[in-house]
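File shown: target.csv. Contents: CSV, C-alpha atoms.
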chain,number,residue,atom,x,y,z
A,250,MET,CA,-52.0,14.3,104.0
A,251,LYS,CA,-48.9,16.5,103.8
A,252,ARG,CA,-46.9,13.7,102.3
A,253,PHE,CA,-49.7,13.1,99.7
A,254,ARG,CA,-49.8,16.8,98.8
A,255,ALA,CA,-46.0,16.8,98.4
A,256,LEU,CA,-46.2,13.8,96.2
A,257,LEU,CA,-48.8,15.4,94.0
A,258,TRP,CA,-46.6,18.5,93.7
A,259,CYS,CA,-43.6,16.4,92.7
A,260,LEU,CA,-45.5,14.2,90.3
A,261,PRO,CA,-45.2,16.4,87.2
A,262,ILE,CA,-41.5,16.8,87.8
A,263,LEU,CA,-41.1,13.0,88.2
A,264,LEU,CA,-43.0,12.4,85.0
A,265,LEU,CA,-40.9,14.9,83.1
A,266,LEU,CA,-37.7,13.3,84.4
A,267,ALA,CA,-39.0,9.9,83.4
A,268,GLY,CA,-39.8,11.2,79.9
A,269,CYS,CA,-36.3,12.7,79.5
A,270,ARG,CA,-34.8,9.4,80.6
A,271,GLY,CA,-37.0,7.6,78.1
A,272,LYS,CA,-35.7,9.8,75.3
A,273,ARG,CA,-32.1,9.3,76.4
A,274,ASP,CA,-32.8,5.5,76.4
A,275,ASP,CA,-34.1,5.6,72.8
A,276,PRO,CA,-31.7,3.4,70.9
A,277,VAL,CA,-32.0,5.5,67.8
A,278,LEU,CA,-30.6,8.5,69.6
A,279,ARG,CA,-27.4,6.5,70.4
A,280,LEU,CA,-26.6,6.0,66.7
A,281,SER,CA,-24.2,8.1,64.7
A,282,ALA,CA,-25.4,9.8,61.6
A,283,THR,CA,-23.7,7.1,59.4
A,284,GLU,CA,-25.3,4.3,61.4
A,285,ALA,CA,-28.8,5.8,61.4
A,286,LEU,CA,-28.5,6.5,57.7
A,287,GLU,CA,-27.6,3.0,56.8
A,288,LEU,CA,-30.4,1.5,59.0
A,289,GLY,CA,-32.8,4.1,57.5
A,290,LYS,CA,-32.0,2.9,54.0
A,291,GLN,CA,-32.6,-0.7,55.0
A,292,PHE,CA,-36.0,0.1,56.5
A,293,LEU,CA,-36.9,2.1,53.4
A,294,GLU,CA,-36.1,-0.9,51.2
A,295,GLN,CA,-38.2,-3.1,53.5
A,296,GLU,CA,-41.1,-0.6,53.2
A,297,LYS,CA,-41.0,0.0,56.9
A,298,TYR,CA,-41.5,3.7,56.4
A,299,TYR,CA,-42.1,4.9,60.0
A,300,LYS,CA,-38.9,3.3,61.2
A,301,ALA,CA,-37.1,4.6,58.1
A,302,ARG,CA,-38.2,8.1,58.9
A,303,GLN,CA,-37.1,7.8,62.6
A,304,HIS,CA,-33.6,6.8,61.6
A,305,LEU,CA,-33.2,9.2,58.7
A,306,THR,CA,-34.5,12.1,60.6
A,307,HIS,CA,-32.0,11.4,63.4
A,308,ALA,CA,-29.2,11.1,60.9
A,309,PHE,CA,-30.1,14.5,59.5
A,310,GLU,CA,-30.4,16.1,62.9
A,311,VAL,CA,-27.0,14.8,64.0
A,312,GLU,CA,-25.2,16.1,60.9
A,313,PRO,CA,-27.5,18.5,59.1
A,314,ASN,CA,-24.8,20.0,56.9
A,315,SER,CA,-22.8,16.9,56.1
A,316,ARG,CA,-23.2,14.7,53.0
A,317,ASN,CA,-24.9,12.1,55.2
A,318,GLY,CA,-27.3,14.7,56.5
A,319,ARG,CA,-28.3,15.9,53.1
A,320,GLU,CA,-28.9,12.4,51.9
A,321,ALA,CA,-30.9,11.5,55.0
A,322,LEU,CA,-33.2,14.6,54.6
A,323,LEU,CA,-33.9,13.6,51.1
A,324,LEU,CA,-34.6,10.0,52.0
A,325,ALA,CA,-36.8,11.0,54.9
A,326,ALA,CA,-38.9,13.0,52.3
A,327,ASP,CA,-38.9,9.9,50.1
A,328,ALA,CA,-40.2,7.8,53.0
A,329,PHE,CA,-43.2,10.1,53.4
A,330,PHE,CA,-43.8,10.0,49.6
A,331,LEU,CA,-43.5,6.2,49.3
A,332,HIS,CA,-45.9,5.7,52.3
A,333,GLY,CA,-48.5,7.7,50.4
A,334,GLY,CA,-51.7,9.3,51.5
A,335,SER,CA,-52.8,12.9,51.4
A,336,ASP,CA,-51.2,13.8,54.8
A,337,ASN,CA,-47.9,12.2,53.9
A,338,TYR,CA,-47.8,14.0,50.5
A,339,ILE,CA,-48.2,17.3,52.4
A,340,LYS,CA,-45.3,16.3,54.8
A,341,CYS,CA,-43.1,15.1,52.0
A,342,GLU,CA,-43.6,18.3,50.0
A,343,ALA,CA,-42.4,20.3,53.1
A,344,LYS,CA,-39.4,18.0,53.4
A,345,TYR,CA,-38.4,18.4,49.8
A,346,ARG,CA,-38.9,22.2,50.0
A,347,ASP,CA,-36.7,22.2,53.2
A,348,PHE,CA,-34.0,20.4,51.2
A,349,LEU,CA,-34.2,23.0,48.4
A,350,ASN,CA,-34.0,25.9,50.8
A,351,ARG,CA,-31.0,24.4,52.6
A,352,PHE,CA,-29.1,23.0,49.6
A,353,PRO,CA,-30.2,25.0,46.5
A,354,THR,CA,-27.0,24.2,44.6
A,355,SER,CA,-27.1,20.4,45.3
A,356,ASP,CA,-26.9,18.1,42.4
A,357,ARG,CA,-30.1,16.5,43.7
A,358,ALA,CA,-32.0,19.8,43.6
A,359,ASP,CA,-33.8,19.0,40.4
A,360,TYR,CA,-35.0,15.7,41.9
A,361,ALA,CA,-36.3,17.6,45.0
A,362,GLN,CA,-38.2,20.1,42.8
A,363,PHE,CA,-39.6,17.2,40.7
A,364,ARG,CA,-40.8,15.6,43.9
A,365,VAL,CA,-42.3,18.8,45.2
A,366,ALA,CA,-44.4,19.0,42.1
A,367,THR,CA,-45.3,15.3,42.2
A,368,CYS,CA,-46.4,15.5,45.8
A,369,LEU,CA,-48.8,18.3,44.7
A,370,ALA,CA,-49.9,16.3,41.7
A,371,ARG,CA,-50.9,13.3,43.9
A,372,ARG,CA,-53.3,15.6,45.8
A,373,VAL,CA,-55.2,17.1,42.9
A,374,GLU,CA,-59.0,17.2,43.3
A,375,LYS,CA,-61.6,15.8,40.9
A,376,PRO,CA,-62.6,18.2,38.1
A,377,ASP,CA,-65.8,19.3,39.9
A,378,ARG,CA,-63.8,20.5,42.9
A,379,ASP,CA,-61.5,23.5,43.5
A,380,GLN,CA,-58.3,23.2,41.4
A,381,LYS,CA,-55.9,25.3,43.5
A,382,VAL,CA,-53.6,22.3,44.2
A,383,THR,CA,-53.7,21.4,40.6
A,384,ARG,CA,-52.5,24.8,39.6
A,385,ASP,CA,-49.8,24.7,42.3
A,386,ALA,CA,-48.6,21.4,40.8
A,387,GLN,CA,-48.6,22.9,37.3
A,388,ARG,CA,-46.4,25.8,38.5
A,389,ALA,CA,-44.1,23.5,40.3
A,390,PHE,CA,-43.5,21.3,37.2
A,391,GLU,CA,-43.0,24.5,35.1
A,392,GLU,CA,-40.5,25.7,37.7
A,393,LEU,CA,-38.5,22.5,37.1
A,394,LEU,CA,-38.5,23.2,33.4
A,395,ARG,CA,-37.3,26.7,34.0
A,396,LEU,CA,-34.6,26.1,36.6
A,397,TYR,CA,-33.3,22.7,35.5
A,398,PRO,CA,-33.7,22.4,31.7
A,399,ASN,CA,-31.1,19.6,31.6
A,400,SER,CA,-32.7,17.5,34.3
A,401,SER,CA,-33.4,13.8,33.6
A,402,HIS,CA,-36.8,14.4,35.0
A,403,ILE,CA,-37.9,16.8,32.2
A,404,PRO,CA,-39.7,14.2,30.1
A,405,ASP,CA,-41.8,13.0,33.1
A,406,ALA,CA,-42.5,16.6,34.1
A,407,ARG,CA,-43.7,17.4,30.6
A,408,HIS,CA,-46.0,14.4,30.7
A,409,GLU,CA,-47.4,15.5,34.1
A,410,ILE,CA,-48.0,19.0,32.8
A,411,GLN,CA,-50.1,17.5,30.0
A,412,VAL,CA,-52.1,15.5,32.5
A,413,ILE,CA,-52.6,18.5,34.8
A,414,THR,CA,-53.6,20.7,31.9
A,415,ASP,CA,-56.2,18.2,30.9
A,416,ARG,CA,-57.5,18.2,34.4
A,417,LEU,CA,-57.8,22.0,34.4
A,418,ALA,CA,-59.6,21.9,31.1
A,419,ALA,CA,-62.0,19.2,32.5
A,420,HIS,CA,-62.8,21.6,35.4
A,421,GLU,CA,-63.8,24.3,32.9
A,422,LEU,CA,-65.9,21.7,31.0
A,423,VAL,CA,-67.7,20.7,34.2
A,424,ILE,CA,-68.8,24.2,34.8
A,425,GLY,CA,-69.6,25.0,31.1
A,426,SER,CA,-71.6,21.8,30.6
A,427,PHE,CA,-73.7,22.5,33.7
A,428,TYR,CA,-74.7,26.0,32.6
A,429,SER,CA,-75.1,25.0,28.9
A,430,SER,CA,-78.6,23.5,29.7
A,431,PHE,CA,-80.0,26.8,31.0
A,432,TYR,CA,-81.9,29.4,29.0
A,433,GLY,CA,-81.5,33.1,29.4
A,434,LYS,CA,-79.3,35.5,27.4
A,435,GLY,CA,-76.9,36.3,30.3
A,436,ILE,CA,-76.3,32.7,31.2
A,437,CYS,CA,-76.0,31.7,27.6
A,438,GLN,CA,-73.4,34.3,26.8
A,439,ALA,CA,-71.4,33.4,30.0
A,440,THR,CA,-71.5,29.7,29.1
A,441,ILE,CA,-70.4,30.3,25.5
A,442,GLN,CA,-67.5,32.5,26.6
A,443,ARG,CA,-66.3,29.9,29.1
A,444,LEU,CA,-66.5,27.1,26.5
A,445,GLU,CA,-64.9,29.2,23.7
A,446,ASP,CA,-62.0,30.1,26.1
A,447,LEU,CA,-61.6,26.4,26.9
A,448,GLU,CA,-61.5,25.5,23.2
A,449,GLN,CA,-58.9,28.2,22.6
A,450,ASP,CA,-56.8,27.7,25.8
A,451,TYR,CA,-56.7,23.9,25.8
A,452,PRO,CA,-56.6,22.8,22.1
A,453,ALA,CA,-55.1,19.4,23.0
A,454,PHE,CA,-57.9,18.7,25.5
A,455,SER,CA,-58.8,15.0,25.5
A,456,GLN,CA,-62.6,15.7,25.7
A,457,MET,CA,-62.9,18.2,22.9
A,458,ASP,CA,-65.8,16.2,21.5
A,459,ALA,CA,-67.8,17.1,24.7
A,460,VAL,CA,-66.7,20.8,24.3
A,461,HIS,CA,-68.2,20.9,20.7
A,462,TYR,CA,-71.4,19.3,21.9
A,463,TYR,CA,-72.0,21.7,24.9
A,464,LEU,CA,-70.9,24.7,23.0
A,465,GLY,CA,-73.2,23.8,20.1
A,466,SER,CA,-76.1,23.3,22.4
A,467,ALA,CA,-75.4,26.6,24.1
A,468,PHE,CA,-75.3,28.4,20.7
A,469,ARG,CA,-78.6,26.7,19.8
A,470,ARG,CA,-80.3,27.9,23.0
A,471,CYS,CA,-78.9,31.4,22.4
A,472,ARG,CA,-80.5,31.5,19.0
A,473,ARG,CA,-77.2,31.5,17.1
A,474,PRO,CA,-77.9,28.7,14.6
A,475,GLU,CA,-74.9,29.2,12.4
A,476,ASP,CA,-72.5,28.9,15.3
A,477,ALA,CA,-74.4,25.9,16.6
A,478,ASP,CA,-74.2,24.2,13.2
A,479,ARG,CA,-70.4,24.9,13.0
A,480,GLU,CA,-69.8,23.2,16.4
A,481,PHE,CA,-72.0,20.3,15.7
A,482,GLU,CA,-70.4,19.8,12.3
A,483,LYS,CA,-67.0,19.7,13.9
A,484,LEU,CA,-68.3,17.0,16.3
A,485,ARG,CA,-69.6,14.9,13.4
A,486,ILE,CA,-66.5,15.1,11.3
A,487,ASP,CA,-63.7,15.1,13.9
A,488,TYR,CA,-65.3,12.7,16.3
A,489,PRO,CA,-67.7,10.4,14.4
A,490,ASP,CA,-67.4,7.6,17.0
A,491,SER,CA,-68.0,9.8,20.0
A,492,PRO,CA,-71.1,9.1,22.1
A,493,PHE,CA,-71.8,12.9,21.9
A,494,VAL,CA,-72.8,12.5,18.3
A,495,ALA,CA,-75.9,10.5,19.3
A,496,LYS,CA,-76.4,12.9,22.2
A,497,MET,CA,-76.3,15.8,19.7
A,498,GLU,CA,-78.9,14.2,17.4
A,499,LYS,CA,-81.2,13.6,20.4
A,500,PHE,CA,-80.7,17.2,21.5
A,501,GLU,CA,-81.5,18.6,18.0
A,502,LYS,CA,-84.8,16.6,17.9
A,503,GLN,CA,-85.8,17.7,21.4
A,504,PHE,CA,-84.9,21.3,20.7
A,505,ALA,CA,-87.0,21.3,17.5
A,506,ARG,CA,-90.0,19.9,19.3
A,507,GLU,CA,-89.6,22.6,22.0
A,508,MET,CA,-89.5,25.3,19.3
A,509,ILE,CA,-92.6,23.9,17.6
A,510,LYS,CA,-94.4,23.8,20.9
A,511,ALA,CA,-93.4,27.4,21.7
A,512,ALA,CA,-94.5,28.6,18.3
A,513,LYS,CA,-97.9,27.0,18.7
A,514,LYS,CA,-98.3,28.4,22.2
A,515,GLY,CA,-97.3,31.9,20.9
A,516,SER,CA,-99.9,31.7,18.1
Take the structure in the file and give it back as structure tokens.
Amino acid sequence: MKRFRALLWCLPILLLLAGCRGKRDDPVLRLSATEALELGKQFLEQEKYYKARQHLTHAFEVEPNSRNGREALLLAADAFFLHGGSDNYIKCEAKYRDFLNRFPTSDRADYAQFRVATCLARRVEKPDRDQKVTRDAQRAFEELLRLYPNSSHIPDARHEIQVITDRLAAHELVIGSFYSSFYGKGICQATIQRLEDLEQDYPAFSQMDAVHYYLGSAFRRCRRPEDADREFEKLRIDYPDSPFVAKMEKFEKQFAREMIKAAKKGS
């Protein structure tokens, strides 16, 4: 019994020692930074991202301030990025930010900043969801434009900003279109204000035909016929092939029937 108790007492220590020995026996840990970097690159090319990260992380930890270490840190971030998936985009963003914090004057800093923004852009939510990550991505791309105006990634960043801006506008449209079908002075005015702000803040929005439709219908419900006519006219003239033209005509007929019915009921 005493021997058994002694064995139980020693077991955690034995397991710890075995774990330490296992780590020492890890072949990756025997590699130099140069060797680990080269193998990491090979695994990256083979799309073996987990093994690539193992070797690249080791290369960085061995020589964190050397040229090899800098390259390994950036490639480790790339391995997360190329692997894809929401969790990996969060991890690669952290890696790229780590690179920027450690090596802000590197000639690859603009690339790291571009990747930070792209990691965020890959995680944006649908227009009907919260857009915090979308706004974070927009700021990150704008930071690239501000800090690295001569970067080769500027054209791609500008394109991404346009896509993100359209996503933010779509978010406003989702909310505005939902409330545009409600009656009531307070709701009407809030809906109109949101849609007018959208029209002004996002003039290049790809779904402006929808904005004109929902804004026109909100004006109609708020008893502002001249404003409603203006928005519907824009829809007819600027977007004659839009499906919202037919939707508008259907709405106008339905609204007219509702007004006739309300008038008869009132009389």
- Polymer residues at most 10 Å from Gln456 in chain A, all atoms listed in the file, same-chain spacing of 4 or more positions, as a list in words: Asp415, Ala418, Ala419, Leu422, Pro452, Val460, His461 and Ser491 of chain A
- Message: Using all atoms listed in the file, can you tell me which of A:Ala326, A:Glu475, A:Phe352, A:Leu305 comes closest to Lys340 in chain A?
- Response: A:Ala326
- Query: For Val423 in chain A, which residue out of A:Cys341, A:Leu444, A:Ala325, A:Ile410 is the nearest one, using all atoms listed in the file?
  - Reply: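 Residue with the minimum atom-to-atom distance to Val423 in chain A: A:Leu444.
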- Have a look at CA of Ala328 in chain A and CA of Lys375 in chain A and let me know their distance in Å, one decimal. 25.9 Å
- Query: With only C-alpha atoms as the atoms that count, which of A:Leu323, A:Ala366, A:Ala495, A:Ile413 lies nearest to Asp347 in chain A?
  - Reply: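 So, comparing all the options, the nearest one is A:Leu323.
Picture a line from CA of Glu448 in chain A to CA of Phe504 in chain A; it runs 23.9 Å.
Proximity ranking of A:Arg319, A:Arg302, A:Lys514, A:Arg384 relative to Leu369 in chain A places A:Arg384 first, based on only C-alpha atoms.
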- Hey, what's within 12 Å of Ala477 in chain A if we count only C-alpha atoms and toss same-chain stuff fewer than 6 positions away? As a list of chain:residue names, please?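 Using only C-alpha atoms, the neighbours found are A:Ile441, A:His461, A:Tyr462, A:Tyr463, A:Leu464, A:Gly465, A:Ser466, A:Ala467, A:Phe468, A:Arg469, A:Arg470, A:Cys471, A:Lys483, A:Leu484, A:Met497, A:Phe500, A:Glu501.
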- Query: Nearest to Thr383 in chain A: which of A:Asp458, A:Asp476, A:Asp359, A:Glu409 is it, counting all atoms listed in the file?
  - Reply: A:Glu409
- Message: Rounded to one decimal, what separation in Å do you get between CA of Asn337 in chain A and CA of Pro398 in chain A?
- Response: 28.3 Å
- Query: Near Val494 in chain A, within 8 Å and counting only C-alpha atoms, which residues show up once chain neighbours fewer than 4 positions away are dropped, as JSON, numbers by chain?
  - Reply: {"A": [462, 484, 485, 488, 489, 490, 498]}
- Task: Would you list the contacts of Gly289 in chain A as a list in words, taking every protein, DNA or RNA residue within 7 Å and counting all atoms listed in the file, but skipping same-chain residues closer than 3 positions in sequence?
- Result: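 Residues meeting the cut-off are Ala285, Leu286, Phe292, Leu293, Ala301, Arg302, His304 and Leu305 of chain A.
If you measure from each of A:Gly318, A:Gly333, A:Pro492, A:Gly425 to Thr283 in chain A using all atoms listed in the file, the closest one turns out to be A:Gly318.
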